[in-house]
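Visitor: Quick one: this structure, given as C-alpha cells, is what I'll be asking you about.
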Protein chains: 2
Amino acid sequence: MSERAHRPTVKEVAQRAGVSPMTVSRTLSGGVNVKPEVQQRVLAAVAELGYHRNENARSIRPGHSSGLIGVAITNIANPYYSTFALGVEEEAALTGRRILLGNTSEDAAREAELVGDFLGRRVDGLIVVPASTTSTHLAHSQNQGVPVVLASRRIDGLAADSVVLADEDGAFRGTTALIDGGHTRIGYLGNALSIFTGERRHAGFVRAMETRGVRVDPHLVATNQQTVEQARDATRALLRAKNPPTAIFCANNRNAIGALKEISTQLATGLRAPADFPELLSFDDFELAELSPVPISVIDHDPRELGRTAARLLLDRLDGGDREAPAREVELPVSLRGVR
Amino acid sequence: MSERAHRPTVKEVAQRAGVSPMTVSRTLSGGVNVKPEVQQRVLAAVAELGYHRNENARSIRPGHSSGLIGVAITNIANPYYSTFALGVEEEAALTGRRILLGNTSEDAAREAELVGDFLGRRVDGLIVVPASTTSTHLAHSQNQGVPVVLASRRIDGLAADSVVLADEDGAFRGTTALIDGGHTRIGYLGNALSIFTGERRHAGFVRAMETRGVRVDPHLVATNQQTVEQARDATRALLRAKNPPTAIFCANNRNAIGALKEISTQLATGLRAPADFPELLSFDDFELAELSPVPISVIDHDPRELGRTAARLLLDRLDGGDREAPAREVELPVSLRGVR
DNA sequence: CTGTTAGCGCTTTCAT
DNA sequence: ATGAAAGCGCTAACAG
C-alpha cells in the first residue's frame, strides 16, 4: 500500500547498497573496476527498488542521444501505414531505439507541430510520410544535425534520404495490362494530384493510355478521395456515367476498397450481375482482396519493407558514420499480380 | 552547407538576443515580466536558430514529467490494434502528450523489456494490451507512481485500471443467435484459452450452447490460432470433419479472416457452392466483411473507442488529481450485427 | 523587469 | 577499486 510512490534514483540505490552513486553507475554500465561482491549488492538494491536509469537525464549529457526516433505518418489506422510503422519499429528495436509516433491526419500544420515536438524531445532522427509540400521544419531538423528520412513521398527541394515506390512504373504496367486485356474505357480513382504518389501514379496511368493510344476520358477520372467513404461516392458517380468504364484503376487501397464496397452494395440489390461491373486494378494489395466479386489485380509491394528500408536509411546515417553523405533516394520495385 | 550541425540551447539564444538565459526561458513560458520589445528579440533569435526547448532536460526537474505515454500492444500491424493506437494517440494529443509505441509480438518477455525501457524514459503512464499473465513489471510501475491501464485484457491479481469488451456477453448473444437460426453443429475458431479474451469468448460460446442444450463437439473447437495463416489451416480441418459445422464462431478478426480466405479458396475451385459452406459469426468487425461469400454477422465494437477510453482512464488519473483511487474496471458493450 | 544561484539525475574526469 | 567534483539544459527561487 504505502510503497514509495516515487521513482528511485542512483543516490537511493547507492545508499541502499552502501556505496557511492558512481559505483552504481559503473556497475550498471558493465561493472568494470567494481569488485564482484559489491556489484552483487548494487544489483540487489537495483532489483529491490525496481530502479531504472533515467534516460532523459542521461540523454542531456554532451555527446549522448535520446535513442528515440520520431515517426510522423498520415494515418495510423490505415493498415498500410500501421504495417509501415511495424517495419520501422522492428528495425529501430534492433539498435535499442524506440519510436515516438504521431499522426498528422494529412495536415501540414499538424506535421510541423509534431516535428517541433519531436525535436524538443531530442529524437535521434525523423521518419516522415510528409503531408506537407513545403519543408522548412524538416530542413531545420537537418540543419541541427537531426537526419530526416522521407517515406513513400518526397518533397521538392528537400535534400533528404528517401524511400518511395516505383509509382509511375507500377501504374504504367498495371494500366497497360488492363488495356492489353481489351479495355478502352478505363476509369481512375485516386488521391489528390498534389500528393506525391497521387501525381506519380496518375502520370503512369496517363502515359500507359497515351502509349497505347487510348483516350483518357476526364469524366472517368476522380482524384480527390482521401477516405473509403469518398471513394465510394466517386465510384457511384463513375458507375452512373452515360458510358461507364469497363475497368477502374484505383491509385491506393482506400480507393480500391471504396470501389469494392460500392460494387458490393449494388450487387446486393440483385438488379445487376458481377459482369455488369468494371474490373479493378489496385495500387496496394490489401487483406481480402480475393473476395472481390469482380476480377481484380493489384500492384503489390510490402509496406513493412518500406518501413524497414526507411529505418535502415536513418540508422545507417546515425550509426554508420557518414552523417554528411549526400541524400540517397531509394525506389522500391512493385509487382503486378492478378488476384481474382 | 556549413550550418551548425548542432541543436541550439537557451544560452545561445540568450547570447544572440543579448539577454540572460532566464529571460529566454520566461519569454518561452508566456512572457510574464519580460518587456515586449525584449520578447521580440528573443523570439527572433529563437526563430533564427530554430530553437526548441530540450524536453528531456525540462523533464528531469522535480515535479515535472516527460509528457510521454508508453503504449505496448501485441501487434501494430493488426488493423484492430492500430486503430486502437490511433484512439490513444488522439486522446493523448489533446493533453499535449506523445506516444511511445512498442510491439510485444504477444511475447511476455519482450513486454517486460519494453515496460522497463518505458520506465527508464520516464513515461507518465502506461497503456498495455498485456501479453503476459504475470505482472511484476507492471506492479513495479504502479509502485513507482506510474499508472498502468490494461486494455482489452486484464491480468489476474493486478489492481490496475482496465477497459475490456463484453466478451462473454457478446459471444453468448452471437452464439445464441446462431442456434436460434437453426444451427446445431457450430464450430469454434479462436486464440488460446490462456489469453483473457480467448477464455471469455469461449466461455460465452459454451454457455450459449449449454443454455440452449446444444452439444459442443470438441472436434469442432480449435483454439490456438494466432495468425490468419493458422486460422486458415484450422478452418480447412474443420471443413474436412466427417460431420462439418453449419456455422462457425470466429473469436477474433484474425480467425474470421482466415476462415473467409479458406472458404474463398475452396470456392474458387468451382467444386462446391457457397451454400455448402458454414455461415460465419465474427467477434470483431473488419473491413470488407460484406464481401463474404457466406452469410456473416459480427459482434461489433470500436477499437478506436477502446483506445480513447484507455487513454481517458490514464489521463484522468494523471491530471484528474486522484492518483490513489481504486482501480476502475470498464467493460465496453458490443453489438450484434448481420453483415451479409 | 532582469539576472544569479542552485539543483534535477546522471556520468566523465580527476583524485585517492 | 572507489569517490568527489563538475556540468549537461533547464528553470524555480531568490536577489536586485
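We label chains A, B, ... in the order they appear in the C-alpha cells, count residues from 1 in each chain, and number ligands from 1 in the order shown.
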If you take only C-alpha atoms (C1' of nucleotides) and a cut-off of 8 Å, which residues of chain B touch chain C, and what are their nearest atom pairs and distances in Å to one decimal, in chain and number order, as CSV?
Guide:
residue,atom,partner,partner_atom,distance
B:Ser20,CA,C:DG3,C1',6.6
B:Met22,CA,C:DG3,C1',7.4
B:Thr23,CA,C:DT2,C1',7.2
B:Asn33,CA,C:DC1,C1',5.6
B:Val34,CA,C:DC1,C1',6.0
B:Lys35,CA,C:DC1,C1',6.8
B:Ile60,CA,C:DC8,C1',5.3
B:Arg61,CA,C:DC8,C1',4.2
B:Pro62,CA,C:DC8,C1',5.8
Visitor: Just N, CA and C atoms for this one: save the residues we selected as a short mmCIF file (atom, residue, chain, number, x, y, z; two decimals), in the first residue's frame.
Guide:
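The resulting file, result.cif, is reproduced below:
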data_model
loop_
_atom_site.label_atom_id
_atom_site.label_comp_id
_atom_site.auth_asym_id
_atom_site.auth_seq_id
_atom_site.Cartn_x
_atom_site.Cartn_y
_atom_site.Cartn_z
N SER B 20 19.82 37.29 -20.71
CA SER B 20 20.24 36.12 -19.95
C SER B 20 19.34 34.93 -20.28
N MET B 22 17.55 33.20 -18.43
CA MET B 22 16.28 33.29 -17.73
C MET B 22 15.24 34.07 -18.53
N THR B 23 15.70 35.11 -19.18
CA THR B 23 14.76 35.92 -19.96
C THR B 23 14.21 35.11 -21.13
N ASN B 33 6.52 39.31 -17.11
CA ASN B 33 7.68 40.06 -16.63
C ASN B 33 8.85 40.11 -17.61
N VAL B 34 8.51 40.23 -18.86
CA VAL B 34 9.55 40.47 -19.87
C VAL B 34 9.04 41.58 -20.77
N LYS B 35 9.85 42.61 -20.94
CA LYS B 35 9.44 43.75 -21.76
C LYS B 35 9.12 43.26 -23.17
N ILE B 60 13.61 16.42 -16.20
CA ILE B 60 14.30 15.88 -15.03
C ILE B 60 14.16 16.78 -13.81
N ARG B 61 13.58 17.94 -14.00
CA ARG B 61 13.38 18.81 -12.83
C ARG B 61 12.31 18.21 -11.93
N PRO B 62 12.45 18.44 -10.64
CA PRO B 62 11.50 17.84 -9.71
C PRO B 62 10.07 18.30 -10.00
#
Visitor: Enumerate as an mmCIF file with C-alpha atoms, in the first residue's frame the residues belonging to chain A that approach chain B to within 8 Å, with only C-alpha atoms taken into account.
Guide:
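Saved file iface.cif follows:
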data_model
loop_
_atom_site.group_PDB
_atom_site.id
_atom_site.type_symbol
_atom_site.label_atom_id
_atom_site.label_comp_id
_atom_site.auth_asym_id
_atom_site.auth_seq_id
_atom_site.Cartn_x
_atom_site.Cartn_y
_atom_site.Cartn_z
ATOM 1 C CA GLU A 3 5.037 1.788 -1.172
ATOM 2 C CA ARG A 4 7.185 4.668 -2.275
ATOM 3 C CA ALA A 5 5.124 6.377 -4.945
ATOM 4 C CA HIS A 6 8.306 7.694 -6.417
ATOM 5 C CA ARG A 7 10.953 6.600 -8.871
ATOM 6 C CA PRO A 8 14.247 5.697 -7.252
ATOM 7 C CA GLY A 50 12.937 -1.536 -9.232
ATOM 8 C CA HIS A 52 15.671 2.146 -13.987
ATOM 9 C CA ARG A 53 18.225 4.651 -15.179
ATOM 10 C CA ASN A 54 16.659 7.929 -16.109
ATOM 11 C CA GLU A 55 17.239 8.016 -19.838
ATOM 12 C CA ASN A 56 16.162 11.607 -20.060
ATOM 13 C CA ALA A 57 18.862 12.627 -17.622
ATOM 14 C CA SER A 59 20.453 11.994 -22.785
ATOM 15 C CA ILE A 60 21.265 15.562 -21.835
ATOM 16 C CA ILE A 76 -2.013 5.109 -38.264
ATOM 17 C CA ALA A 77 -5.369 3.436 -38.668
ATOM 18 C CA ASN A 78 -4.700 2.716 -42.327
ATOM 19 C CA PRO A 79 -3.357 -0.852 -42.282
ATOM 20 C CA SER A 82 0.477 0.680 -39.482
ATOM 21 C CA THR A 83 2.369 -2.103 -41.203
ATOM 22 C CA ALA A 85 5.212 1.556 -38.631
ATOM 23 C CA LEU A 86 5.781 -2.043 -37.645
ATOM 24 C CA GLU A 89 9.698 -0.306 -35.055
ATOM 25 C CA ARG A 98 12.189 3.377 -29.532
ATOM 26 C CA ILE A 99 9.580 5.025 -31.621
ATOM 27 C CA LEU A 100 7.757 8.226 -30.921
ATOM 28 C CA LEU A 101 4.633 8.036 -33.018
ATOM 29 C CA GLY A 102 2.467 10.853 -34.280
ATOM 30 C CA ASN A 103 -0.479 11.081 -36.602
ATOM 31 C CA GLY A 116 8.816 20.577 -33.490
ATOM 32 C CA ASP A 117 7.711 18.493 -30.566
ATOM 33 C CA LEU A 119 12.908 17.903 -31.916
ATOM 34 C CA GLY A 120 12.176 19.169 -28.431
ATOM 35 C CA ARG A 121 12.324 15.608 -27.237
ATOM 36 C CA ARG A 122 15.699 15.286 -28.866
ATOM 37 C CA HIS A 140 15.573 22.922 -39.816
ATOM 38 C CA GLN A 142 18.534 18.520 -40.752
ATOM 39 C CA ASN A 143 20.433 21.743 -40.113
ATOM 40 C CA GLN A 144 20.504 20.852 -36.469
ATOM 41 C CA GLY A 145 22.016 17.507 -37.223
ATOM 42 C CA ILE A 257 -11.782 -0.642 -51.004
ATOM 43 C CA LYS A 261 -17.790 -1.611 -51.242
ATOM 44 C CA SER A 264 -20.789 -4.975 -53.440
ATOM 45 C CA LEU A 288 -9.398 -9.990 -48.516
ATOM 46 C CA GLU A 290 -9.520 -12.121 -53.212
ATOM 47 C CA LEU A 291 -13.157 -11.852 -52.129
ATOM 48 C CA SER A 292 -13.789 -9.310 -54.849
ATOM 49 C CA PRO A 293 -16.914 -10.102 -56.874
#
Visitor: For Pro333 of chain B, please output as number ranges by chain all residues within 12 Å (counting only C-alpha atoms (C1' of nucleotides); exclusion window: fewer than 3 positions along the same chain).
Guide: B: 163-171, 173, 299-303, 305-306, 330, 336
Visitor: Please report as a count of residues only which residues of chain D come no farther than 8 Å from chain B, using only C-alpha atoms (C1' of nucleotides).
Guide: 3
Visitor: Could you pull out the strand (DSSP E or B) residues of segment 10-191 of chain B, going by DSSP on the backbone, and write them as a PyMOL selection string?
Guide: chain B and resi 68-73+98-103+125-128+148-151+161-165+186-189
Visitor: To one decimal place, how far is atom CA of Phe283 of chain A from atom CA of Gln230 of chain B in Å?
Guide: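 So the answer is 27.3 Å.
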Visitor: Enumerate the residues of segment 99-213 of chain A with a DSSP assignment of alpha helix (DSSP H), computed from the backbone, and present them as a VMD selection string.
Guide: chain A and resid 108 to 120 136 to 143 167 to 180 196 to 211
